[in-house]
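**Q** File final29.txt below, compact mmCIF, C-alpha atoms and all ligand atoms:
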# COMPACT_ATOMS: atom_id res chain seq x y z
CA MET A 14 0.00 0.00 0.00
CA ALA A 15 1.22 3.52 -0.73
CA PRO A 16 0.17 6.73 0.99
CA GLY A 17 -2.78 8.41 -0.68
CA VAL A 18 -4.25 5.18 -2.05
CA ASN A 19 -6.92 4.84 0.64
CA GLY A 20 -6.63 8.22 2.31
CA SER A 21 -9.30 10.87 2.09
CA GLY A 22 -6.79 13.59 1.25
CA THR A 23 -7.11 16.96 2.89
CA PRO A 24 -10.34 18.91 2.43
CA MET A 25 -8.39 22.21 2.58
CA THR A 26 -7.11 24.29 -0.31
CA ARG A 27 -3.41 25.09 -0.42
CA THR A 28 -4.14 28.64 0.70
CA GLN A 29 -6.18 27.35 3.64
CA VAL A 30 -3.34 25.04 4.67
CA VAL A 31 -0.90 27.93 4.57
CA ASP A 32 -3.32 30.25 6.39
CA ALA A 33 -3.79 27.65 9.12
CA TYR A 34 -0.19 26.57 9.66
CA PHE A 35 2.25 29.12 8.26
CA MET A 36 2.86 31.15 11.42
CA GLU A 37 3.29 28.08 13.60
CA HIS A 38 5.79 26.51 11.25
CA ARG A 39 7.56 29.80 10.56
CA ALA A 40 8.26 29.81 14.30
CA ARG A 41 9.47 26.20 14.23
CA LEU A 42 11.67 26.95 11.22
CA LEU A 43 13.30 29.76 13.20
CA ASP A 44 13.72 27.38 16.14
CA VAL A 45 15.65 25.02 13.86
CA ALA A 46 17.75 27.89 12.45
CA ALA A 47 18.53 29.23 15.91
CA PHE A 48 19.37 25.71 17.16
CA LEU A 49 21.90 25.24 14.32
CA ASP A 50 23.40 28.68 15.15
CA ARG A 51 23.59 27.71 18.83
CA VAL A 52 25.39 24.47 17.99
CA ASP A 53 27.88 26.43 15.85
CA ARG A 54 28.50 28.98 18.60
CA ALA A 55 29.45 26.27 21.07
CA ALA A 56 33.21 26.47 20.60
CA VAL A 57 34.17 23.25 22.33
CA GLY A 58 33.45 19.87 20.75
CA ASP A 59 32.40 18.50 17.37
CA ASP A 60 29.19 17.31 15.77
CA ASP A 61 28.26 13.83 16.93
CA PHE A 62 26.19 11.28 14.99
CA ARG A 63 22.98 13.02 16.02
CA MET A 64 23.97 16.35 14.46
CA ARG A 65 25.28 14.65 11.33
CA ALA A 66 21.87 12.96 11.01
CA PHE A 67 20.09 16.22 11.75
CA ARG A 68 21.94 18.09 9.01
CA ALA A 69 21.20 15.28 6.54
CA ALA A 70 17.52 15.42 7.55
CA VAL A 71 17.40 19.19 6.98
CA SER A 72 18.59 18.63 3.41
CA ILE A 73 15.61 16.28 2.83
CA LEU A 74 13.27 19.17 3.65
CA GLY A 75 14.53 21.15 0.68
CA ASP A 76 14.77 18.42 -1.96
CA GLY A 77 11.30 19.08 -3.38
CA ARG A 78 10.25 15.42 -3.24
CA PRO A 79 7.18 14.03 -1.36
CA ASP A 80 6.97 11.94 1.83
CA ARG A 81 9.49 14.08 3.69
CA ALA A 82 8.28 12.99 7.14
CA ARG A 83 8.65 9.30 6.25
CA ARG A 84 12.06 9.86 4.69
CA VAL A 85 13.35 11.87 7.66
CA LEU A 86 12.19 9.12 10.04
CA GLU A 87 13.85 6.45 7.90
CA LEU A 88 17.07 8.44 7.82
CA LEU A 89 17.07 8.60 11.63
CA SER A 90 16.30 4.86 11.97
CA ASP A 91 18.61 1.94 12.73
CA PRO A 92 18.88 0.17 9.34
CA SER A 93 20.17 -3.12 10.79
CA THR A 94 17.97 -6.22 11.08
CA ASP A 95 19.75 -8.38 13.66
CA LEU A 96 18.76 -8.63 17.31
CA VAL A 97 21.20 -6.93 19.69
CA ALA A 98 22.92 -9.21 22.20
CA LYS A 99 21.78 -7.21 25.21
CA ALA A 100 19.68 -4.10 25.80
CA GLY A 101 22.21 -1.64 27.24
CA MET A 102 20.13 1.42 28.07
CA LYS A 103 16.36 1.64 28.11
CA GLY A 104 16.02 4.96 26.27
CA ALA A 105 16.84 6.05 22.72
CA THR A 106 18.93 8.92 21.34
CA GLY A 107 16.70 9.91 18.42
CA ALA A 108 19.19 9.07 15.67
CA HIS A 109 21.03 5.93 14.62
CA ASP A 110 24.72 5.85 15.52
CA PRO A 111 26.58 4.26 12.57
CA ALA A 112 29.41 3.35 14.98
CA LYS A 113 27.05 0.75 16.44
CA GLY A 114 26.88 -0.97 13.06
CA GLY A 115 24.13 -1.32 10.56
CA GLY A 116 25.38 1.43 8.25
CA MET B 30 -18.70 20.90 20.10
CA VAL B 31 -18.01 17.88 22.31
CA ASP B 32 -18.40 14.35 21.02
CA VAL B 33 -17.72 11.13 22.84
CA TYR B 34 -14.40 9.39 22.36
CA ILE B 35 -12.42 6.37 23.56
CA ASP B 36 -8.80 6.67 24.66
CA PRO B 37 -7.58 3.13 24.01
CA HIS B 38 -4.10 3.59 25.50
CA VAL B 39 -3.60 5.67 28.64
CA HIS B 40 -1.76 4.91 31.89
CA MET B 41 -4.18 6.28 34.44
CA VAL B 42 -2.35 4.93 37.49
CA SER B 43 0.13 7.76 36.76
CA ARG B 44 -2.52 10.46 36.40
CA THR B 45 -4.51 12.56 38.84
CA THR B 46 -8.24 12.85 39.47
CA ASP B 47 -8.05 16.28 37.76
CA ASP B 48 -7.08 14.43 34.59
CA TYR B 49 -10.12 12.16 34.90
CA VAL B 50 -12.29 15.30 35.23
CA ARG B 51 -10.73 16.89 32.14
CA MET B 52 -11.07 13.68 30.11
CA ALA B 53 -14.72 13.19 31.12
CA ARG B 54 -15.53 16.81 30.25
CA ALA B 55 -13.83 16.41 26.89
CA GLY B 56 -16.08 13.45 26.06
CA CYS B 57 -14.10 10.40 27.17
CA VAL B 58 -16.45 7.49 27.91
CA ALA B 59 -14.05 4.53 27.96
CA ILE B 60 -10.34 3.88 28.29
CA THR B 61 -8.01 0.92 28.10
CA GLU B 62 -4.85 0.85 30.20
CA PRO B 63 -1.98 -1.43 29.16
CA ALA B 64 0.46 -2.62 31.80
CA PHE B 65 3.76 -0.77 31.42
CA TRP B 66 7.02 0.30 33.00
CA ALA B 67 6.78 2.26 36.25
CA GLY B 68 9.81 4.42 35.39
CA TYR B 69 11.97 2.10 37.51
CA ASP B 70 12.40 -1.67 37.53
CA ARG B 71 10.27 -3.50 40.08
CA SER B 72 12.35 -5.26 42.70
CA SER B 73 10.32 -8.47 42.64
CA PRO B 74 7.61 -10.25 40.63
CA LYS B 75 5.30 -9.58 43.57
CA GLY B 76 5.42 -5.92 42.57
CA PHE B 77 3.58 -6.96 39.41
CA PHE B 78 1.00 -8.91 41.40
CA ASP B 79 0.16 -5.69 43.23
CA TYR B 80 0.18 -3.69 39.98
CA PHE B 81 -2.22 -6.16 38.32
CA ARG B 82 -4.56 -5.79 41.31
CA GLN B 83 -4.39 -2.01 40.94
CA LEU B 84 -5.26 -2.31 37.22
CA THR B 85 -8.13 -4.74 37.75
CA GLU B 86 -9.59 -3.61 41.09
CA PHE B 87 -8.76 -0.07 42.14
CA GLU B 88 -8.35 1.84 38.87
CA PRO B 89 -11.74 0.77 37.38
CA ARG B 90 -13.44 2.07 40.53
CA ARG B 91 -11.52 5.34 40.34
CA ALA B 92 -12.48 5.81 36.66
CA ALA B 93 -16.13 4.98 37.34
CA GLN B 94 -16.38 7.97 39.67
CA TYR B 95 -15.98 10.12 36.56
CA GLY B 96 -18.32 8.07 34.38
CA ILE B 97 -15.44 6.48 32.46
CA ARG B 98 -15.33 2.74 31.81
CA HIS B 99 -11.88 1.33 32.55
CA HIS B 100 -10.38 -1.76 30.86
CA THR B 101 -6.88 -3.15 31.01
CA TRP B 102 -4.19 -5.31 29.39
CA LEU B 103 -1.65 -7.37 31.34
CA CYS B 104 2.01 -8.20 30.73
CA ILE B 105 5.55 -7.44 31.78
CA ASN B 106 6.65 -4.62 29.50
CA PRO B 107 9.70 -4.99 27.24
CA LYS B 108 11.73 -2.51 29.31
CA GLU B 109 11.81 -5.11 32.10
CA ALA B 110 12.30 -8.12 29.83
CA GLU B 111 16.09 -8.18 29.88
CA ASP B 112 15.98 -10.66 32.80
CA PRO B 113 14.06 -13.62 31.31
CA VAL B 114 13.85 -15.58 34.58
CA PHE B 115 12.23 -12.63 36.35
CA ALA B 116 9.98 -11.93 33.34
CA ARG B 117 8.76 -15.52 33.09
CA GLU B 118 7.82 -15.44 36.76
CA VAL B 119 5.66 -12.37 36.09
CA ILE B 120 4.09 -14.00 33.02
CA GLY B 121 3.19 -16.91 35.28
CA LEU B 122 1.01 -14.53 37.35
CA ILE B 123 -1.10 -13.39 34.38
CA PRO B 124 -3.42 -16.43 33.97
CA GLY B 125 -4.65 -15.84 37.51
CA PHE B 126 -5.98 -12.45 36.41
CA LEU B 127 -7.41 -13.30 32.99
CA GLU B 128 -10.93 -13.92 34.30
CA ARG B 129 -11.19 -10.44 35.78
CA GLU B 130 -13.97 -8.59 33.98
CA ASN B 131 -11.98 -5.58 32.73
CA VAL B 132 -9.07 -7.58 31.25
CA LEU B 133 -9.10 -7.36 27.43
CA GLY B 134 -5.89 -9.22 26.59
CA ILE B 135 -2.10 -9.12 26.65
CA GLY B 136 -0.31 -5.77 26.40
CA GLU B 137 1.58 -3.64 25.92
CA ILE B 138 4.14 -6.20 24.84
CA GLY B 139 6.78 -5.80 22.16
CA LEU B 140 10.39 -4.75 21.94
CA ASN B 141 12.28 -1.77 23.35
CA LYS B 142 15.96 -2.09 22.30
CA ASN B 143 15.41 -5.06 19.95
CA SER B 144 17.43 -7.46 22.11
CA ARG B 145 17.43 -11.27 22.19
CA ASN B 146 15.97 -11.44 25.69
CA GLU B 147 13.21 -8.98 24.79
CA LEU B 148 12.26 -11.16 21.81
CA GLU B 149 12.23 -14.30 23.97
CA ILE B 150 9.81 -12.65 26.40
CA LEU B 151 7.70 -11.21 23.58
CA GLU B 152 7.32 -14.76 22.25
CA ALA B 153 6.34 -16.06 25.69
CA HIS B 154 3.56 -13.45 25.82
CA LEU B 155 2.44 -14.29 22.27
CA GLN B 156 2.25 -17.95 23.28
CA LEU B 157 0.03 -17.02 26.23
CA ALA B 158 -2.24 -14.93 23.98
CA SER B 159 -2.36 -17.72 21.41
CA ASP B 160 -3.17 -20.39 24.03
CA HIS B 161 -5.99 -18.32 25.57
CA GLY B 162 -7.31 -16.72 22.34
CA LEU B 163 -6.63 -13.20 23.61
CA LEU B 164 -6.36 -9.82 21.90
CA VAL B 165 -2.85 -8.35 21.79
CA LEU B 166 -1.72 -4.73 22.17
CA VAL B 167 1.84 -4.17 20.94
CA HIS B 168 4.28 -1.43 21.96
CA THR B 169 6.81 -0.59 19.26
CA PRO B 170 10.25 0.81 20.19
CA HIS B 171 11.06 4.47 20.39
CA LEU B 172 12.77 6.74 17.87
CA GLU B 173 15.67 5.16 15.94
CA ASP B 174 14.72 1.66 17.12
CA LYS B 175 11.09 1.77 15.94
CA LEU B 176 11.35 0.73 12.28
CA LYS B 177 13.58 -2.26 12.95
CA GLY B 178 11.58 -3.28 16.03
CA THR B 179 8.24 -3.03 14.24
CA ARG B 180 9.49 -5.43 11.57
CA LEU B 181 10.91 -7.88 14.12
CA ILE B 182 7.66 -7.83 16.10
CA MET B 183 5.49 -8.48 13.04
CA ASP B 184 7.77 -11.36 12.03
CA ALA B 185 7.46 -12.83 15.54
CA ILE B 186 3.65 -12.61 15.51
CA ARG B 187 3.57 -14.37 12.16
CA ARG B 188 5.26 -17.37 13.79
CA PHE B 189 2.04 -17.88 15.84
CA PRO B 190 -0.52 -18.99 13.26
CA LYS B 191 -3.38 -18.87 15.76
CA LEU B 192 -2.86 -15.12 16.25
CA ASP B 193 -5.06 -13.36 13.68
CA PRO B 194 -3.55 -9.96 12.66
CA GLY B 195 -7.08 -8.55 12.88
CA ARG B 196 -6.91 -9.20 16.64
CA VAL B 197 -3.51 -7.54 17.13
CA LEU B 198 -3.00 -3.78 17.41
CA ILE B 199 0.48 -2.39 16.76
CA ASP B 200 0.83 0.89 18.57
CA HIS B 201 2.94 4.04 18.27
CA VAL B 202 3.08 3.93 14.45
CA GLU B 203 4.51 6.91 12.57
CA GLU B 204 4.90 7.82 8.90
CA HIS B 205 7.66 5.23 8.34
CA THR B 206 5.85 2.27 9.93
CA VAL B 207 2.11 2.78 9.32
CA GLY B 208 2.18 1.35 5.78
CA HIS B 209 4.09 -1.78 6.80
CA VAL B 210 1.63 -2.47 9.65
CA LEU B 211 -1.51 -1.96 7.55
CA ASP B 212 -0.07 -4.01 4.68
CA ARG B 213 0.28 -7.03 6.96
CA GLY B 214 -3.34 -6.81 8.11
CA PHE B 215 -2.73 -5.54 11.65
CA TRP B 216 -4.56 -2.71 13.35
CA CYS B 217 -2.46 0.32 14.16
CA GLY B 218 -2.46 3.00 16.83
CA MET B 219 -1.07 6.51 16.62
CA THR B 220 0.20 7.92 19.89
CA LEU B 221 -0.21 11.67 20.35
CA TYR B 222 2.78 12.90 22.32
CA PRO B 223 4.04 16.45 22.66
CA ASP B 224 7.67 15.71 21.62
CA THR B 225 8.12 12.18 20.32
CA LYS B 226 5.75 9.91 18.35
CA CYS B 227 2.88 11.79 16.59
CA THR B 228 1.42 15.24 17.13
CA PRO B 229 -2.34 15.62 16.54
CA GLN B 230 -1.50 17.36 13.24
CA ARG B 231 0.71 14.52 11.97
CA ALA B 232 -1.85 11.92 13.07
CA VAL B 233 -4.50 13.66 10.96
CA ASP B 234 -2.00 13.86 8.07
CA ILE B 235 -1.55 10.07 8.35
CA ILE B 236 -5.32 9.53 8.16
CA GLU B 237 -5.46 11.79 5.11
CA CYS B 238 -2.72 9.70 3.46
CA TRP B 239 -3.56 6.17 4.68
CA GLY B 240 -7.29 6.22 5.34
CA SER B 241 -9.35 5.33 8.38
CA GLU B 242 -9.47 1.52 8.23
CA ARG B 243 -7.90 -0.35 11.17
CA ILE B 244 -6.47 2.79 12.78
CA TRP B 245 -7.01 4.63 16.04
CA MET B 246 -5.45 7.40 18.11
CA ASN B 247 -4.48 7.44 21.77
CA SER B 248 -2.79 9.75 24.24
CA ALA B 249 -0.61 7.13 25.95
CA GLY B 250 -0.70 9.61 28.85
CA ASP B 251 1.67 8.41 31.55
CA TRP B 252 4.13 9.72 34.16
CA GLY B 253 6.23 11.54 31.54
CA HIS B 254 5.54 14.65 29.46
CA SER B 255 2.25 13.63 27.86
CA ASP B 256 -1.29 14.90 27.39
CA PRO B 257 -4.30 12.84 28.55
CA ILE B 258 -6.67 14.95 26.44
CA ALA B 259 -4.67 14.63 23.23
CA VAL B 260 -7.43 12.64 21.46
CA PRO B 261 -10.04 15.43 21.69
CA LYS B 262 -7.33 17.82 20.47
CA ALA B 263 -6.92 15.62 17.39
CA GLN B 264 -10.71 15.61 16.95
CA MET B 265 -10.57 19.42 16.97
CA GLU B 266 -7.74 19.34 14.42
CA MET B 267 -9.86 17.16 12.10
CA ARG B 268 -12.83 19.51 12.40
CA ARG B 269 -10.62 22.57 11.82
CA ARG B 270 -9.51 21.04 8.52
CA GLY B 271 -13.11 20.40 7.50
CA HIS B 272 -13.23 16.63 7.84
CA LEU B 273 -16.66 15.04 8.11
CA GLU B 274 -18.06 14.31 11.57
CA SER B 275 -18.45 10.68 10.46
CA LEU B 276 -14.68 10.41 9.91
CA VAL B 277 -13.92 12.01 13.29
CA ARG B 278 -16.24 9.54 14.98
CA ARG B 279 -14.85 6.58 13.06
CA VAL B 280 -11.24 7.03 14.14
CA THR B 281 -11.89 8.20 17.72
CA PHE B 282 -14.85 6.00 18.69
CA GLU B 283 -16.09 3.40 16.20
CA ASN B 284 -12.69 1.94 15.28
CA PRO B 285 -11.47 1.39 18.85
CA GLU B 286 -14.92 0.07 19.79
CA ARG B 287 -14.81 -2.42 16.89
CA PHE B 288 -11.33 -3.71 17.67
CA LEU B 289 -11.78 -3.87 21.44
CA SER B 290 -15.22 -5.49 21.28
CA GLN B 291 -13.54 -8.60 19.87
CA SER B 292 -12.51 -9.28 23.47
CA GLY B 293 -16.15 -9.76 24.50
CA ARG B 294 -15.37 -7.60 27.55
CA PHE B 295 -15.29 -4.05 26.22
CA SER B 296 -18.05 -1.50 26.74
CA ALA B 297 -18.34 2.17 25.83
CA GLN B 298 -21.94 2.43 27.00
CA PRO B 299 -22.69 5.59 29.02
CA LEU B 300 -21.87 5.15 32.68
CA ARG B 301 -23.35 7.32 35.41
CA PRO B 302 -20.51 8.54 37.65
CA THR B 303 -20.46 6.47 40.82
CA ALA B 304 -19.99 7.70 44.37
CA PRO B 305 -16.65 6.90 45.99
CA ASP B 306 -16.79 3.78 48.15
CA VAL B 307 -15.99 5.12 51.61
CA THR B 308 -15.91 1.65 53.14
CA ARG B 309 -12.69 0.76 51.35
ZN ZN A 401 1.95 2.82 26.95
Would you mind writing the structure in this file as structure tokens?

**A**
Amino acid sequence: MAPGVNGSGTPMTRTQVVDAYFMEHRARLLDVAAFLDRVDRAAVGDDDFRMRAFRAAVSILGDGRPDRARRVLELLSDPSTDLVAKAGMKGATGAHDPAKGGG
Amino acid sequence: MVDVYIDPHVHMVSRTTDDYVRMARAGCVAITEPAFWAGYDRSSPKGFFDYFRQLTEFEPRRAAQYGIRHHTWLCINPKEAEDPVFAREVIGLIPGFLERENVLGIGEIGLNKNSRNELEILEAHLQLASDHGLLVLVHTPHLEDKLKGTRLIMDAIRRFPKLDPGRVLIDHVEEHTVGHVLDRGFWCGMTLYPDTKCTPQRAVDIIECWGSERIWMNSAGDWGHSDPIAVPKAQMEMRRRGHLESLVRRVTFENPERFLSQSGRFSAQPLRPTAPDVTR
């Protein structure tokens, strides 16, 4: 199944979508911009795997292709298929660390 | 406009009576509460015995005071499955609770870090559900572990031929897992969380893209940053976009009612709020 096959689609026009959500997402866009500036201003340390994934995800937003949310989530996901030997921590970091294997 | 709704995944033992008031006022008539992690590992299997009593005795009475019907699912959650000896002892307690009238099935089981021990304990739960013909509510892992874990869980369920995918709900789906879950014939749940999982807006986007068959929404309200009235907020989001009332009702009432009624134990019939029992 592919998205849109069974879905109702949105009842809104493009202008209505923009009217409804532009200001909220303008604010979130600025949050992302300011976050990247903040990371840059921190003089000590380097990008870790999370920031490398974040920057790659940001480039998906501008590629003009559909299913951005799905593709961002896939980019942040562990691509491996094998069970891990032991659950180390209980939580998750939000991005896959390639150093742990699985690409 | 207030319409009735069901929150099919919410951890009320972690919430206050004020939350029950807000949920009831927002139209909540029935909830289901899966067994989950307390935020710390229990020191003994007896801790689960007490928790199962809370879920089957005390919490339904608390909910009834607000006119909300309370149902539950039992298990040891995957976050405490790394010690299989301990976990199997807890699983051994579950059959003693299966006849309680608000127990719908086994849940929320699944994987957390996709480990060998977690899978072993997931399979032990699936065996129990298969042996007793029970509904299953599945927790999928968080964040970067979700896609891999969702696939491993669906593969595991397929190894139990008596478990019909139409009687298994896979929860916490997002844009990258919803299609896989629906394709394999399972039901899916979208969890409305402020930071992780889905927002109400993204959940409505998913319905617009994937349709309203075999899908529901829940708040998964718990002891962390979460919102027990997230489902009515998603209803409002659907109405704001101009979706039909029939679609709003389908995903927030009729769909959970249809899936959960397969247990033979679920009810979303109106319930007059009861007085607190002062003798207890
Ligand atoms: Zn939960």

**Q** Please find the residues contacting ligand ZN 401 (chain A) at a distance of at most 7 Å between atoms, with all atoms listed in the file counted, and report them as a list in words.

**A**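 Protein and nucleic-acid residues within 7 Å of ligand ZN 401 (chain A): His38, Val39, His40, Pro63, Phe65, Glu137, His168 and Ala249 of chain B.
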
**Q** May I have the protein, DNA and RNA residues with an atom at most 12 Å from (-7.7, -15.1, 23.9), counting all atoms listed in the file in the file's coordinates, returned as a short mmCIF file (atom, residue, chain, number, x, y, z; two decimals) with C-alpha atoms, in the frame of the given file?

**A**
data_model
loop_
_atom_site.label_atom_id
_atom_site.label_comp_id
_atom_site.auth_asym_id
_atom_site.auth_seq_id
_atom_site.Cartn_x
_atom_site.Cartn_y
_atom_site.Cartn_z
CA TRP B 102 -4.19 -5.31 29.39
CA PRO B 124 -3.42 -16.43 33.97
CA LEU B 127 -7.41 -13.30 32.99
CA GLU B 128 -10.93 -13.92 34.30
CA VAL B 132 -9.07 -7.58 31.25
CA LEU B 133 -9.10 -7.36 27.43
CA GLY B 134 -5.89 -9.22 26.59
CA ILE B 135 -2.10 -9.12 26.65
CA HIS B 154 3.56 -13.45 25.82
CA LEU B 155 2.44 -14.29 22.27
CA GLN B 156 2.25 -17.95 23.28
CA LEU B 157 0.03 -17.02 26.23
CA ALA B 158 -2.24 -14.93 23.98
CA SER B 159 -2.36 -17.72 21.41
CA ASP B 160 -3.17 -20.39 24.03
CA HIS B 161 -5.99 -18.32 25.57
CA GLY B 162 -7.31 -16.72 22.34
CA LEU B 163 -6.63 -13.20 23.61
CA LEU B 164 -6.36 -9.82 21.90
CA VAL B 165 -2.85 -8.35 21.79
CA LYS B 191 -3.38 -18.87 15.76
CA LEU B 192 -2.86 -15.12 16.25
CA ASP B 193 -5.06 -13.36 13.68
CA ARG B 196 -6.91 -9.20 16.64
CA VAL B 197 -3.51 -7.54 17.13
CA GLN B 291 -13.54 -8.60 19.87
CA SER B 292 -12.51 -9.28 23.47
CA GLY B 293 -16.15 -9.76 24.50
CA ARG B 294 -15.37 -7.60 27.55
#

**Q** Show which residues sit within 7 Å of Ala66 (chain A), as an NGL selection string. Count all atoms listed in the file, and ignore same-chain residues fewer than 4 positions away.

**A** :A and (62 or 70 or 89 or 108)

**Q** Find the distance between CA of Ala40 (chain A) and CA of Lys226 (chain B) and write it in Å to one decimal.

**A**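 Interatomic distance here is 20.5 Å.
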
**Q** Define the interface residues of chain B facing chain A as those within 6 Å, counting only C-alpha atoms, and report them as a list in words.

**A** Lys142, Asn143, Ser144, Arg145, Leu172, Glu173, Asp174, Glu204, His205, Glu237, Cys238, Trp239, Gly240 and Gly271 of chain B

**Q** Of the candidates B:Glu266, B:Asp200, B:Glu130, B:Asp251, which one gets nearest to Gln230 (chain B) if we count all atoms listed in the file?

**A** B:Glu266

**Q** Tell me, in Å to one decimal, how far CA of Lys262 (chain B) is from CA of Ala55 (chain B).

**A**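 According to the coordinates, CA of Lys262 (chain B) and CA of Ala55 (chain B) are separated by 9.2 Å.
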
**Q** To one decimal in Å, tell me the separation between CA of Val307 (chain B) and CA of Ile123 (chain B).

**A**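 CA of Ile123 (chain B) lies at a distance of 29.3 Å from CA of Val307 (chain B).
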
**Q** Taking (-7.8, 0.7, 29.5) as a centre in this file's frame and 10 Å as the limit, can you find every polymer residue with an atom that close, using all atoms listed in the file, and give them as a list in words?

**A**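 In the file's frame, the residues around the point are Ile35, Asp36, Pro37, His38, Val39, His40, Met41, Ala59, Ile60, Thr61, Glu62, Pro63, Ala64, Leu84, Thr85, Glu88, Pro89, Ala92, Arg98, His99, His100, Thr101, Trp102, Asn131, Val132, Leu133 and Phe295 of chain B.
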